[in-house]
file upload-v5.cif (mmCIF, C-alpha atoms, pLDDT in the B column; chains and numbers go by the auth columns)
data_data
#
loop_
_atom_site.group_PDB
_atom_site.id
_atom_site.type_symbol
_atom_site.label_atom_id
_atom_site.label_comp_id
_atom_site.label_asym_id
_atom_site.label_seq_id
_atom_site.Cartn_x
_atom_site.Cartn_y
_atom_site.Cartn_z
_atom_site.B_iso_or_equiv
_atom_site.auth_seq_id
_atom_site.auth_asym_id
ATOM 1 C CA MET A 1 25.246 -9.604 -16.685 45.00 1 A
ATOM 2 C CA SER A 2 22.066 -8.810 -18.570 45.00 2 A
ATOM 3 C CA ASN A 3 20.773 -5.296 -19.273 46.00 3 A
ATOM 4 C CA GLU A 4 17.179 -6.503 -19.164 47.00 4 A
ATOM 5 C CA LEU A 5 14.914 -5.100 -16.469 43.00 5 A
ATOM 6 C CA ASN A 6 12.866 -7.414 -14.311 48.00 6 A
ATOM 7 C CA ALA A 7 9.919 -6.949 -11.936 47.00 7 A
ATOM 8 C CA ARG A 8 12.272 -6.021 -9.093 49.00 8 A
ATOM 9 C CA THR A 9 14.068 -3.210 -10.933 49.00 9 A
ATOM 10 C CA ASP A 10 11.555 -1.984 -13.530 55.00 10 A
ATOM 11 C CA PRO A 11 9.622 0.987 -12.090 51.00 11 A
ATOM 12 C CA ASP A 12 6.751 0.247 -14.481 56.00 12 A
ATOM 13 C CA LYS A 13 6.320 -3.082 -12.694 69.00 13 A
ATOM 14 C CA SER A 14 5.975 -1.811 -9.136 81.00 14 A
ATOM 15 C CA ALA A 15 4.625 -4.247 -6.606 92.00 15 A
ATOM 16 C CA VAL A 16 1.182 -3.511 -5.223 94.00 16 A
ATOM 17 C CA TYR A 17 0.886 -3.649 -1.452 96.00 17 A
ATOM 18 C CA GLN A 18 -2.080 -3.640 0.874 97.00 18 A
ATOM 19 C CA ILE A 19 -1.455 -2.244 4.349 96.00 19 A
ATOM 20 C CA ARG A 20 -4.140 -2.774 6.991 98.00 20 A
ATOM 21 C CA ILE A 21 -4.289 -0.419 9.959 97.00 21 A
ATOM 22 C CA LYS A 22 -6.608 -0.177 12.944 97.00 22 A
ATOM 23 C CA GLY A 23 -9.187 2.620 12.794 95.00 23 A
ATOM 24 C CA HIS A 24 -10.652 4.672 9.978 95.00 24 A
ATOM 25 C CA LEU A 25 -8.724 7.375 8.123 91.00 25 A
ATOM 26 C CA GLY A 26 -10.399 9.988 5.978 82.00 26 A
ATOM 27 C CA SER A 27 -9.735 10.146 2.239 75.00 27 A
ATOM 28 C CA GLY A 28 -7.845 13.404 2.850 82.00 28 A
ATOM 29 C CA TRP A 29 -4.901 11.327 4.061 87.00 29 A
ATOM 30 C CA ALA A 30 -4.279 9.933 0.544 82.00 30 A
ATOM 31 C CA ASP A 31 -1.824 12.704 -0.370 85.00 31 A
ATOM 32 C CA TRP A 32 0.108 12.227 2.872 87.00 32 A
ATOM 33 C CA PHE A 33 0.333 8.528 2.018 86.00 33 A
ATOM 34 C CA TRP A 34 1.651 9.352 -1.477 83.00 34 A
ATOM 35 C CA GLY A 35 -1.660 8.841 -3.275 82.00 35 A
ATOM 36 C CA VAL A 36 -2.428 5.258 -2.263 90.00 36 A
ATOM 37 C CA THR A 37 -6.080 4.226 -2.243 91.00 37 A
ATOM 38 C CA ILE A 38 -7.701 4.464 1.178 92.00 38 A
ATOM 39 C CA SER A 39 -10.556 2.026 1.776 93.00 39 A
ATOM 40 C CA LEU A 40 -12.601 1.829 4.948 95.00 40 A
ATOM 41 C CA GLU A 41 -13.617 -1.633 6.120 96.00 41 A
ATOM 42 C CA ASP A 42 -16.865 -2.391 7.966 97.00 42 A
ATOM 43 C CA ASN A 43 -14.857 -3.795 10.893 97.00 43 A
ATOM 44 C CA GLY A 44 -13.220 -0.410 11.564 96.00 44 A
ATOM 45 C CA ASP A 45 -9.932 -1.061 9.753 97.00 45 A
ATOM 46 C CA THR A 46 -8.447 1.004 6.940 96.00 46 A
ATOM 47 C CA LEU A 47 -6.756 -0.501 3.880 96.00 47 A
ATOM 48 C CA LEU A 48 -4.013 1.432 2.121 94.00 48 A
ATOM 49 C CA THR A 49 -3.546 -0.087 -1.332 94.00 49 A
ATOM 50 C CA GLY A 50 -1.229 0.981 -4.117 93.00 50 A
ATOM 51 C CA PRO A 51 1.931 0.420 -6.122 93.00 51 A
ATOM 52 C CA ILE A 52 5.189 0.701 -4.210 93.00 52 A
ATOM 53 C CA VAL A 53 8.301 1.096 -6.339 92.00 53 A
ATOM 54 C CA ASP A 54 10.803 -0.517 -3.980 93.00 54 A
ATOM 55 C CA GLN A 55 11.538 -1.571 -0.413 93.00 55 A
ATOM 56 C CA ALA A 56 12.714 1.910 0.557 94.00 56 A
ATOM 57 C CA ALA A 57 9.353 3.361 -0.482 93.00 57 A
ATOM 58 C CA LEU A 58 7.547 0.611 1.429 94.00 58 A
ATOM 59 C CA TYR A 59 9.516 1.379 4.587 96.00 59 A
ATOM 60 C CA GLY A 60 8.810 5.085 4.098 94.00 60 A
ATOM 61 C CA LEU A 61 5.082 4.388 3.918 94.00 61 A
ATOM 62 C CA LEU A 62 5.274 2.181 7.012 96.00 62 A
ATOM 63 C CA LYS A 63 7.131 4.969 8.806 96.00 63 A
ATOM 64 C CA ARG A 64 4.191 7.273 8.101 94.00 64 A
ATOM 65 C CA VAL A 65 1.817 4.699 9.582 94.00 65 A
ATOM 66 C CA ARG A 66 4.055 4.588 12.657 95.00 66 A
ATOM 67 C CA ASP A 67 4.105 8.388 12.873 94.00 67 A
ATOM 68 C CA LEU A 68 0.303 8.413 13.043 92.00 68 A
ATOM 69 C CA GLY A 69 0.427 6.179 16.100 93.00 69 A
ATOM 70 C CA THR A 70 -2.120 3.895 14.466 92.00 70 A
ATOM 71 C CA PRO A 71 -1.725 0.160 15.106 96.00 71 A
ATOM 72 C CA LEU A 72 -0.412 -1.725 12.071 97.00 72 A
ATOM 73 C CA ILE A 73 -2.347 -4.938 11.502 97.00 73 A
ATOM 74 C CA SER A 74 -0.774 -6.363 8.349 98.00 74 A
ATOM 75 C CA VAL A 75 1.294 -5.722 5.228 97.00 75 A
ATOM 76 C CA MET A 76 0.604 -7.892 2.211 97.00 76 A
ATOM 77 C CA ARG A 77 2.106 -7.900 -1.262 96.00 77 A
ATOM 78 C CA LEU A 78 -0.656 -8.575 -3.771 93.00 78 A
ATOM 79 C CA GLU A 79 -0.208 -10.903 -6.683 85.00 79 A
ATOM 80 C CA PRO A 80 -0.785 -9.265 -10.096 77.00 80 A
ATOM 81 C CA SER A 81 -4.222 -10.878 -10.459 70.00 81 A
ATOM 82 C CA GLU A 82 -5.275 -9.536 -7.026 62.00 82 A
ATOM 83 C CA ALA A 83 -3.886 -6.088 -7.753 60.00 83 A
ATOM 84 C CA GLU A 84 -5.872 -5.729 -10.977 56.00 84 A
ATOM 85 C CA ALA A 85 -9.223 -6.342 -9.286 48.00 85 A
ATOM 86 C CA PRO A 86 -8.898 -5.785 -5.537 47.00 86 A
ATOM 87 C CA ASP A 87 -11.891 -6.330 -3.290 50.00 87 A
ATOM 88 C CA VAL A 88 -12.133 -2.757 -2.064 45.00 88 A
ATOM 89 C CA LYS A 89 -14.908 -1.249 0.037 46.00 89 A
ATOM 90 C CA ALA A 90 -15.287 2.508 0.301 42.00 90 A
#

call {"tool": "encode", "arguments": {"input": "upload-v5.cif", "output": "structure tokens"}}
result
Amino acid sequence: MSNELNARTDPDKSAVYQIRIKGHLGSGWADWFWGVTISLEDNGDTLLTGPIVDQAALYGLLKRVRDLGTPLISVMRLEPSEAEAPDVKA
């Protein structure tokens, strides 16, 4: 077994996720969502974008979306090239 870290276990290589929810959230929710970027879309959706260290953290973030009672539209893992330059509207 190797001692080398890979993208799945190296915390410096967290996956970046984009979570789309129905309705607009204010930027004040960023701390409650552990500092992810909140972007408001023209169509009324909100994008939560940021690095997620592991599946447990992802499920924790999704639980917070559920607790808001806001409809979840999609969850997408961004490829590294997308994560470096996301198309974000504020």

call {"tool": "atom_distance", "arguments": {"input": "upload-v5.cif", "atom1": "atom CA of Phe33 of chain A", "atom2": "atom CA of Leu48 of chain A"}}
result
8.3 Å

call {"tool": "residues_near_point", "arguments": {"input": "upload-v5.cif", "point": "(0.9, -8.8, -8.8)", "cutoff": "6 Å", "atoms": "all atoms listed in the file", "output": "list in words"}}
result
Leu78, Glu79, Pro80, Ser81 and Ala83 of chain A

call {"tool": "residues_around", "arguments": {"input": "upload-v5.cif", "residues": "Thr49 of chain A", "least_positions_apart": "4", "cutoff": "10 Å", "atoms": "only C-alpha atoms", "output": "list in words"}}
result
Val16, Tyr17, Gln18, Ile19, Arg20, Gly35, Val36, Thr37, Ile38, Ser39, Val75, Met76, Arg77, Leu78, Ala83, Pro86 and Val88 of chain A

call {"tool": "residues_around", "arguments": {"input": "upload-v5.cif", "residues": "Lys22 of chain A", "least_positions_apart": "5", "cutoff": "8 Å", "atoms": "all atoms listed in the file", "output": "count of residues only"}}
result
7

call {"tool": "atom_distance", "arguments": {"input": "upload-v5.cif", "atom1": "atom CA of His24 of chain A", "atom2": "atom CA of Gly60 of chain A"}}
result
20.3 Å

call {"tool": "atom_distance", "arguments": {"input": "upload-v5.cif", "atom1": "atom CA of Trp34 of chain A", "atom2": "atom CA of Gly69 of chain A"}}
result
17.9 Å

call {"tool": "resolve_selection", "arguments": {"input": "upload-v5.cif", "expression": "the PyMOL selection byres ((chain A and resi 54) around 8)", "output": "NGL selection string"}}
result
:A and (8 or 14-15 or 52-53 or 55-58)

call {"tool": "closest_residue", "arguments": {"input": "upload-v5.cif", "among": "A:Ser74, A:Leu62, A:Gly50, A:Leu68", "to": "Ile21 of chain A", "atoms": "all atoms listed in the file"}}
result
A:Ser74

call {"tool": "decode", "arguments": {"input": "upload-v5.cif", "residues": "segment 61-76 of chain A", "atoms": "N, CA and C atoms", "output": "mmCIF file, in the first residue's frame"}}
result
data_model
loop_
_atom_site.group_PDB
_atom_site.id
_atom_site.type_symbol
_atom_site.label_atom_id
_atom_site.label_comp_id
_atom_site.auth_asym_id
_atom_site.auth_seq_id
_atom_site.Cartn_x
_atom_site.Cartn_y
_atom_site.Cartn_z
ATOM 1 N N LEU A 61 -23.493 19.857 3.931
ATOM 2 C CA LEU A 61 -23.943 21.053 3.220
ATOM 3 C C LEU A 61 -25.335 20.833 2.640
ATOM 4 N N LEU A 62 -25.566 19.653 2.073
ATOM 5 C CA LEU A 62 -26.887 19.341 1.523
ATOM 6 C C LEU A 62 -27.947 19.282 2.626
ATOM 7 N N LYS A 63 -27.551 18.852 3.813
ATOM 8 C CA LYS A 63 -28.480 18.839 4.936
ATOM 9 C C LYS A 63 -28.897 20.256 5.290
ATOM 10 N N ARG A 64 -27.984 21.201 5.205
ATOM 11 C CA ARG A 64 -28.316 22.597 5.478
ATOM 12 C C ARG A 64 -29.288 23.150 4.435
ATOM 13 N N VAL A 65 -29.099 22.747 3.186
ATOM 14 C CA VAL A 65 -30.047 23.154 2.138
ATOM 15 C C VAL A 65 -31.430 22.600 2.485
ATOM 16 N N ARG A 66 -31.467 21.337 2.872
ATOM 17 C CA ARG A 66 -32.737 20.713 3.266
ATOM 18 C C ARG A 66 -33.378 21.448 4.430
ATOM 19 N N ASP A 67 -32.564 21.821 5.424
ATOM 20 C CA ASP A 67 -33.084 22.496 6.611
ATOM 21 C C ASP A 67 -33.700 23.855 6.281
ATOM 22 N N LEU A 68 -33.246 24.480 5.214
ATOM 23 C CA LEU A 68 -33.833 25.749 4.783
ATOM 24 C C LEU A 68 -35.218 25.553 4.176
ATOM 25 N N GLY A 69 -35.487 24.347 3.700
ATOM 26 C CA GLY A 69 -36.750 24.088 3.027
ATOM 27 C C GLY A 69 -36.762 24.617 1.601
ATOM 28 N N THR A 70 -35.584 24.886 1.077
ATOM 29 C CA THR A 70 -35.440 25.405 -0.278
ATOM 30 C C THR A 70 -35.285 24.240 -1.247
ATOM 31 N N PRO A 71 -36.014 24.250 -2.355
ATOM 32 C CA PRO A 71 -35.874 23.143 -3.312
ATOM 33 C C PRO A 71 -34.460 23.042 -3.889
ATOM 34 N N LEU A 72 -33.909 21.846 -3.851
ATOM 35 C CA LEU A 72 -32.606 21.551 -4.442
ATOM 36 C C LEU A 72 -32.817 21.247 -5.921
ATOM 37 N N ILE A 73 -32.088 21.945 -6.777
ATOM 38 C CA ILE A 73 -32.220 21.728 -8.213
ATOM 39 C C ILE A 73 -31.147 20.776 -8.716
ATOM 40 N N SER A 74 -29.877 21.030 -8.334
ATOM 41 C CA SER A 74 -28.813 20.155 -8.821
ATOM 42 C C SER A 74 -27.576 20.254 -7.940
ATOM 43 N N VAL A 75 -26.751 19.203 -8.021
ATOM 44 C CA VAL A 75 -25.440 19.165 -7.385
ATOM 45 C C VAL A 75 -24.476 18.700 -8.453
ATOM 46 N N MET A 76 -23.425 19.488 -8.683
ATOM 47 C CA MET A 76 -22.484 19.151 -9.742
ATOM 48 C C MET A 76 -21.054 19.315 -9.234
#
